[in-house]
Amino acid sequence: MTTPTPAGWFADPLGRHEMRYYDGQQWTEHVSSHGKQAIDPPIGQSHVPTVQRAPEKVVGDVARAGQAGTAAFQGGGSLFTEPVLVVNQKAKLIEISNEYAIFDQNARQLGAVREVGQGTLKKAVRLLSSYDQYLTHKLQVVDMTGQPVLALTRPAKLVKSRIIVQDAAGNEIGQIVQQNAFGKIRFSMESGGQVHGSINAENWRAWNFSIRDHADVEIARITKTWEGLAKTMFTTADNYVVQIHRPLEEPLRSLVVAAALSVDTALKQDSRGLG
């Protein structure tokens with residue numbers, strides 16, 4: 001017998017707001033973003049971002065990652081059970097909202113990432129300036145039905161970033177915390193007052209990262225792949241291959257899945273001209 005979902009606030013399955021209230025039987029019109037409640041009827045379909053890339057290009061990303069793209073164990077077909085995740089950012093001349101598609105090593109899309117809770121003013125700021133690098137950013141990781149499985153919040157910052165990782169019900173799983181602002185960037189992965197591992201840039205441009213557990217053993221890698229000069233010069237899109245060396249337990253599993261998205265959101269804003 002399936003246990004009914006209790007009434008409460010959950011990540012908005014439509015992707016228009018940060019949270020939406022579920023009354024125990026259905027989604028309601030009551031929504032919330034950045035702590036402010038509003039009314040928005042639950043009409044329409046859930047938005048699942050995708051990218052227009054040929055399957056051979058996704059497979060090519062894995063090949064370009066070299067050894068980092070080798071599957072270490074048999075995947076289970078979901079965002080949390082596949083050994084290789086290919087993260088492709090949607091190409092835009094001007095980035096108003098962050099959107100990513102997530103594929104497995106065979107170019108089958110497993111899910112996506114969408115930015116939520118942005119108001120008109122924030123979108124205008126992103127269009128006209130680079131000041132949004134200091135503002136709060138909220139992302140949802142969703143499966144292919146549009147159902148949120150993780151929520152990522154990067155609070156407003158001045159120098160160093162912090163990513164709060166939550167489940168769909170808003171329960172905190174852990175945090176990814178930037179440790180330094182100069183040199184090879186390093187993040188700690190923390191949960192319940194304990195450090196469970198680290199994310200370590202392997203060069204000063206922070207393109208490739210080694211993800212290590214609390215014993216400093218590498219458990220995953222993030223490799224940025226080269227898309228081509230034209231796309232790199234004229235759009236904001238980034239592509240990453242995430243290779244996980246072994247099945248992981250929570251909270252490390254969710255923190256590692258969030259890692260590639262977190263370092264991109266945490267660091268890329270700073271390359272736009274301010275900070």
# chains A, B, ... in the order shown; residues from 1 in each chain; ligands from 1

call {"tool": "select_by_dssp", "arguments": {"residues": "region 119-229 of chain A", "states": "strand (DSSP E or B)", "output": "PyMOL selection string"}}
result
chain A and resi 137-143+148-154+162-166+172-178+186-191+194-201+208-213+218-225

call {"tool": "write_last_selection", "arguments": {"atoms": "N, CA and C atoms", "output": "short mmCIF file (atom, residue, chain, number, x, y, z; two decimals), in the first residue's frame"}}
result
data_model
loop_
_atom_site.label_atom_id
_atom_site.label_comp_id
_atom_site.auth_asym_id
_atom_site.auth_seq_id
_atom_site.Cartn_x
_atom_site.Cartn_y
_atom_site.Cartn_z
N HIS A 137 20.46 32.59 -5.88
CA HIS A 137 20.02 31.78 -7.01
C HIS A 137 19.43 30.48 -6.48
N LYS A 138 18.26 30.10 -7.02
CA LYS A 138 17.59 28.88 -6.59
C LYS A 138 17.35 27.98 -7.80
N LEU A 139 17.75 26.73 -7.69
CA LEU A 139 17.63 25.76 -8.77
C LEU A 139 16.86 24.54 -8.29
N GLN A 140 16.16 23.90 -9.22
CA GLN A 140 15.54 22.61 -8.97
C GLN A 140 16.16 21.58 -9.89
N VAL A 141 16.54 20.42 -9.34
CA VAL A 141 16.94 19.26 -10.13
C VAL A 141 15.69 18.40 -10.28
N VAL A 142 15.30 18.09 -11.52
CA VAL A 142 14.05 17.37 -11.77
C VAL A 142 14.30 16.12 -12.61
N ASP A 143 13.41 15.13 -12.47
CA ASP A 143 13.46 13.97 -13.35
C ASP A 143 12.72 14.29 -14.64
N PRO A 148 10.51 17.52 -9.00
CA PRO A 148 11.77 17.90 -8.34
C PRO A 148 12.30 16.78 -7.45
N VAL A 149 13.60 16.55 -7.51
CA VAL A 149 14.26 15.56 -6.65
C VAL A 149 15.28 16.22 -5.73
N LEU A 150 15.78 17.38 -6.11
CA LEU A 150 16.70 18.15 -5.27
C LEU A 150 16.41 19.64 -5.48
N ALA A 151 16.68 20.43 -4.45
CA ALA A 151 16.62 21.89 -4.57
C ALA A 151 17.96 22.44 -4.14
N LEU A 152 18.52 23.34 -4.96
CA LEU A 152 19.83 23.94 -4.68
C LEU A 152 19.65 25.44 -4.51
N THR A 153 20.15 25.97 -3.41
CA THR A 153 20.08 27.40 -3.16
C THR A 153 21.48 27.95 -2.94
N ARG A 154 21.86 28.91 -3.76
CA ARG A 154 23.09 29.64 -3.50
C ARG A 154 22.70 31.01 -2.94
N ARG A 162 28.20 29.52 -1.14
CA ARG A 162 27.71 28.38 -0.37
C ARG A 162 26.46 27.87 -1.07
N ILE A 163 26.35 26.57 -1.25
CA ILE A 163 25.18 25.95 -1.87
C ILE A 163 24.47 25.09 -0.82
N ILE A 164 23.19 25.35 -0.60
CA ILE A 164 22.37 24.55 0.30
C ILE A 164 21.63 23.52 -0.54
N VAL A 165 21.79 22.24 -0.21
CA VAL A 165 21.17 21.14 -0.95
C VAL A 165 20.02 20.59 -0.11
N GLN A 166 18.81 20.59 -0.69
CA GLN A 166 17.61 20.11 0.00
C GLN A 166 16.89 19.06 -0.83
N GLU A 172 16.90 19.93 4.56
CA GLU A 172 18.30 20.11 4.18
C GLU A 172 19.04 18.78 4.22
N ILE A 173 19.72 18.47 3.11
CA ILE A 173 20.57 17.29 3.02
C ILE A 173 22.00 17.64 3.43
N GLY A 174 22.45 18.81 3.01
CA GLY A 174 23.80 19.24 3.34
C GLY A 174 24.13 20.53 2.64
N GLN A 175 25.40 20.93 2.73
CA GLN A 175 25.85 22.17 2.10
C GLN A 175 27.19 21.94 1.41
N ILE A 176 27.39 22.69 0.33
CA ILE A 176 28.67 22.71 -0.38
C ILE A 176 29.23 24.11 -0.17
N VAL A 177 30.35 24.21 0.53
CA VAL A 177 30.85 25.49 1.04
C VAL A 177 32.22 25.79 0.44
N GLN A 178 32.33 26.94 -0.23
CA GLN A 178 33.60 27.35 -0.82
C GLN A 178 34.58 27.74 0.28
N ARG A 186 38.52 25.30 -3.70
CA ARG A 186 38.16 24.08 -2.98
C ARG A 186 36.84 24.30 -2.25
N PHE A 187 35.98 23.29 -2.28
CA PHE A 187 34.72 23.30 -1.55
C PHE A 187 34.70 22.13 -0.57
N SER A 188 34.05 22.31 0.55
CA SER A 188 33.79 21.20 1.46
C SER A 188 32.35 20.76 1.29
N MET A 189 32.08 19.46 1.47
CA MET A 189 30.73 18.92 1.43
C MET A 189 30.36 18.56 2.86
N GLU A 190 29.37 19.27 3.41
CA GLU A 190 29.07 19.17 4.83
C GLU A 190 27.62 18.74 5.04
N SER A 191 27.38 18.00 6.12
CA SER A 191 26.02 17.59 6.48
C SER A 191 26.00 17.22 7.96
N GLN A 194 29.12 17.68 10.09
CA GLN A 194 30.31 16.93 9.74
C GLN A 194 30.73 17.20 8.30
N VAL A 195 32.02 17.13 8.04
CA VAL A 195 32.55 17.25 6.69
C VAL A 195 32.63 15.85 6.09
N HIS A 196 31.90 15.63 4.99
CA HIS A 196 31.84 14.31 4.36
C HIS A 196 32.78 14.19 3.17
N GLY A 197 33.34 15.30 2.73
CA GLY A 197 34.25 15.23 1.61
C GLY A 197 34.57 16.62 1.08
N SER A 198 35.23 16.66 -0.08
CA SER A 198 35.65 17.94 -0.65
C SER A 198 35.59 17.88 -2.17
N ILE A 199 35.49 19.06 -2.78
CA ILE A 199 35.53 19.22 -4.23
C ILE A 199 36.72 20.12 -4.52
N ASN A 200 37.69 19.64 -5.29
CA ASN A 200 38.97 20.30 -5.42
C ASN A 200 39.29 20.62 -6.88
N ALA A 201 39.41 21.92 -7.20
CA ALA A 201 39.79 22.31 -8.55
C ALA A 201 41.22 21.86 -8.83
N ASN A 208 38.30 21.52 -14.09
CA ASN A 208 38.22 20.12 -13.69
C ASN A 208 38.35 20.00 -12.17
N PHE A 209 37.56 19.08 -11.61
CA PHE A 209 37.54 18.93 -10.16
C PHE A 209 37.67 17.45 -9.77
N SER A 210 38.38 17.21 -8.67
CA SER A 210 38.44 15.90 -8.05
C SER A 210 37.55 15.94 -6.80
N ILE A 211 36.60 15.02 -6.71
CA ILE A 211 35.70 14.95 -5.56
C ILE A 211 36.19 13.83 -4.65
N ARG A 212 36.44 14.16 -3.39
CA ARG A 212 37.03 13.20 -2.45
C ARG A 212 36.17 13.03 -1.21
N ASP A 213 36.24 11.84 -0.61
CA ASP A 213 35.48 11.60 0.61
C ASP A 213 36.25 12.10 1.82
N GLU A 218 39.55 9.71 -3.76
CA GLU A 218 38.72 10.22 -4.86
C GLU A 218 37.54 9.29 -5.11
N ILE A 219 36.33 9.87 -5.13
CA ILE A 219 35.11 9.10 -5.37
C ILE A 219 34.42 9.53 -6.65
N ALA A 220 34.82 10.67 -7.21
CA ALA A 220 34.20 11.17 -8.44
C ALA A 220 35.08 12.25 -9.05
N ARG A 221 34.80 12.55 -10.33
CA ARG A 221 35.52 13.61 -11.02
C ARG A 221 34.53 14.44 -11.84
N ILE A 222 34.84 15.72 -11.99
CA ILE A 222 34.10 16.61 -12.88
C ILE A 222 35.08 17.09 -13.94
N THR A 223 34.75 16.88 -15.20
CA THR A 223 35.62 17.29 -16.30
C THR A 223 34.85 18.20 -17.24
N LYS A 224 35.31 19.41 -17.44
CA LYS A 224 34.69 20.32 -18.39
C LYS A 224 35.15 19.95 -19.79
N THR A 225 34.21 19.87 -20.73
CA THR A 225 34.55 19.49 -22.09
C THR A 225 34.46 20.70 -23.01
#

call {"tool": "select_by_dssp", "arguments": {"residues": "region 94-208 of chain A", "states": "helix (DSSP H, G or I)", "output": "JSON, numbers by chain"}}
result
{"A": [120, 121, 122, 123, 124, 125, 126, 127, 128, 131, 132, 133, 134]}

call {"tool": "closest_residue", "arguments": {"among": "A:Asp12, A:Glu202, A:Asp23, A:Glu82", "to": "Val242 (chain A)", "atoms": "only C-alpha atoms"}}
result
A:Glu82

call {"tool": "residues_around", "arguments": {"residues": "Tyr240 (chain A)", "least_positions_apart": "4", "cutoff": "10 Å", "atoms": "only C-alpha atoms", "output": "PyMOL selection string"}}
result
chain A and resi 61-62+65+85-89+102+207-208+221-226+260-261+264

call {"tool": "closest_residue", "arguments": {"among": "A:Trp9, A:Met144, A:His47, A:Gln105", "to": "Pro83 (chain A)", "atoms": "only C-alpha atoms"}}
result
A:Gln105

call {"tool": "closest_residue", "arguments": {"among": "A:Val257, A:Ala7, A:Val241, A:Val113", "to": "Val59 (chain A)", "atoms": "only C-alpha atoms"}}
result
A:Val241

call {"tool": "atom_distance", "arguments": {"atom1": "CA of Gly60 (chain A)", "atom2": "CA of Ala101 (chain A)"}}
result
15.6 Å

call {"tool": "atom_distance", "arguments": {"atom1": "CA of Gly192 (chain A)", "atom2": "CA of Pro251 (chain A)"}}
result
9.5 Å

call {"tool": "closest_residue", "arguments": {"among": "A:Gln243, A:Lys157, A:Ser262, A:Gly111", "to": "Gly66 (chain A)", "atoms": "only C-alpha atoms"}}
result
A:Gln243

call {"tool": "closest_residue", "arguments": {"among": "A:Gln109, A:Phe73, A:Glu29, A:Gly24", "to": "Gln52 (chain A)", "atoms": "only C-alpha atoms"}}
result
A:Gln109

call {"tool": "residues_around", "arguments": {"residues": "Trp204 (chain A)", "least_positions_apart": "3", "cutoff": "8 Å", "atoms": "only C-alpha atoms", "output": "PyMOL selection string"}}
result
chain A and resi 183-185+201

call {"tool": "closest_residue", "arguments": {"among": "A:Ala11, A:Ala215, A:Val159, A:Ala107", "to": "Thr50 (chain A)", "atoms": "only C-alpha atoms"}}
result
A:Ala107

call {"tool": "atom_distance", "arguments": {"atom1": "CA of Arg53 (chain A)", "atom2": "CA of Phe103 (chain A)"}}
result
10.9 Å
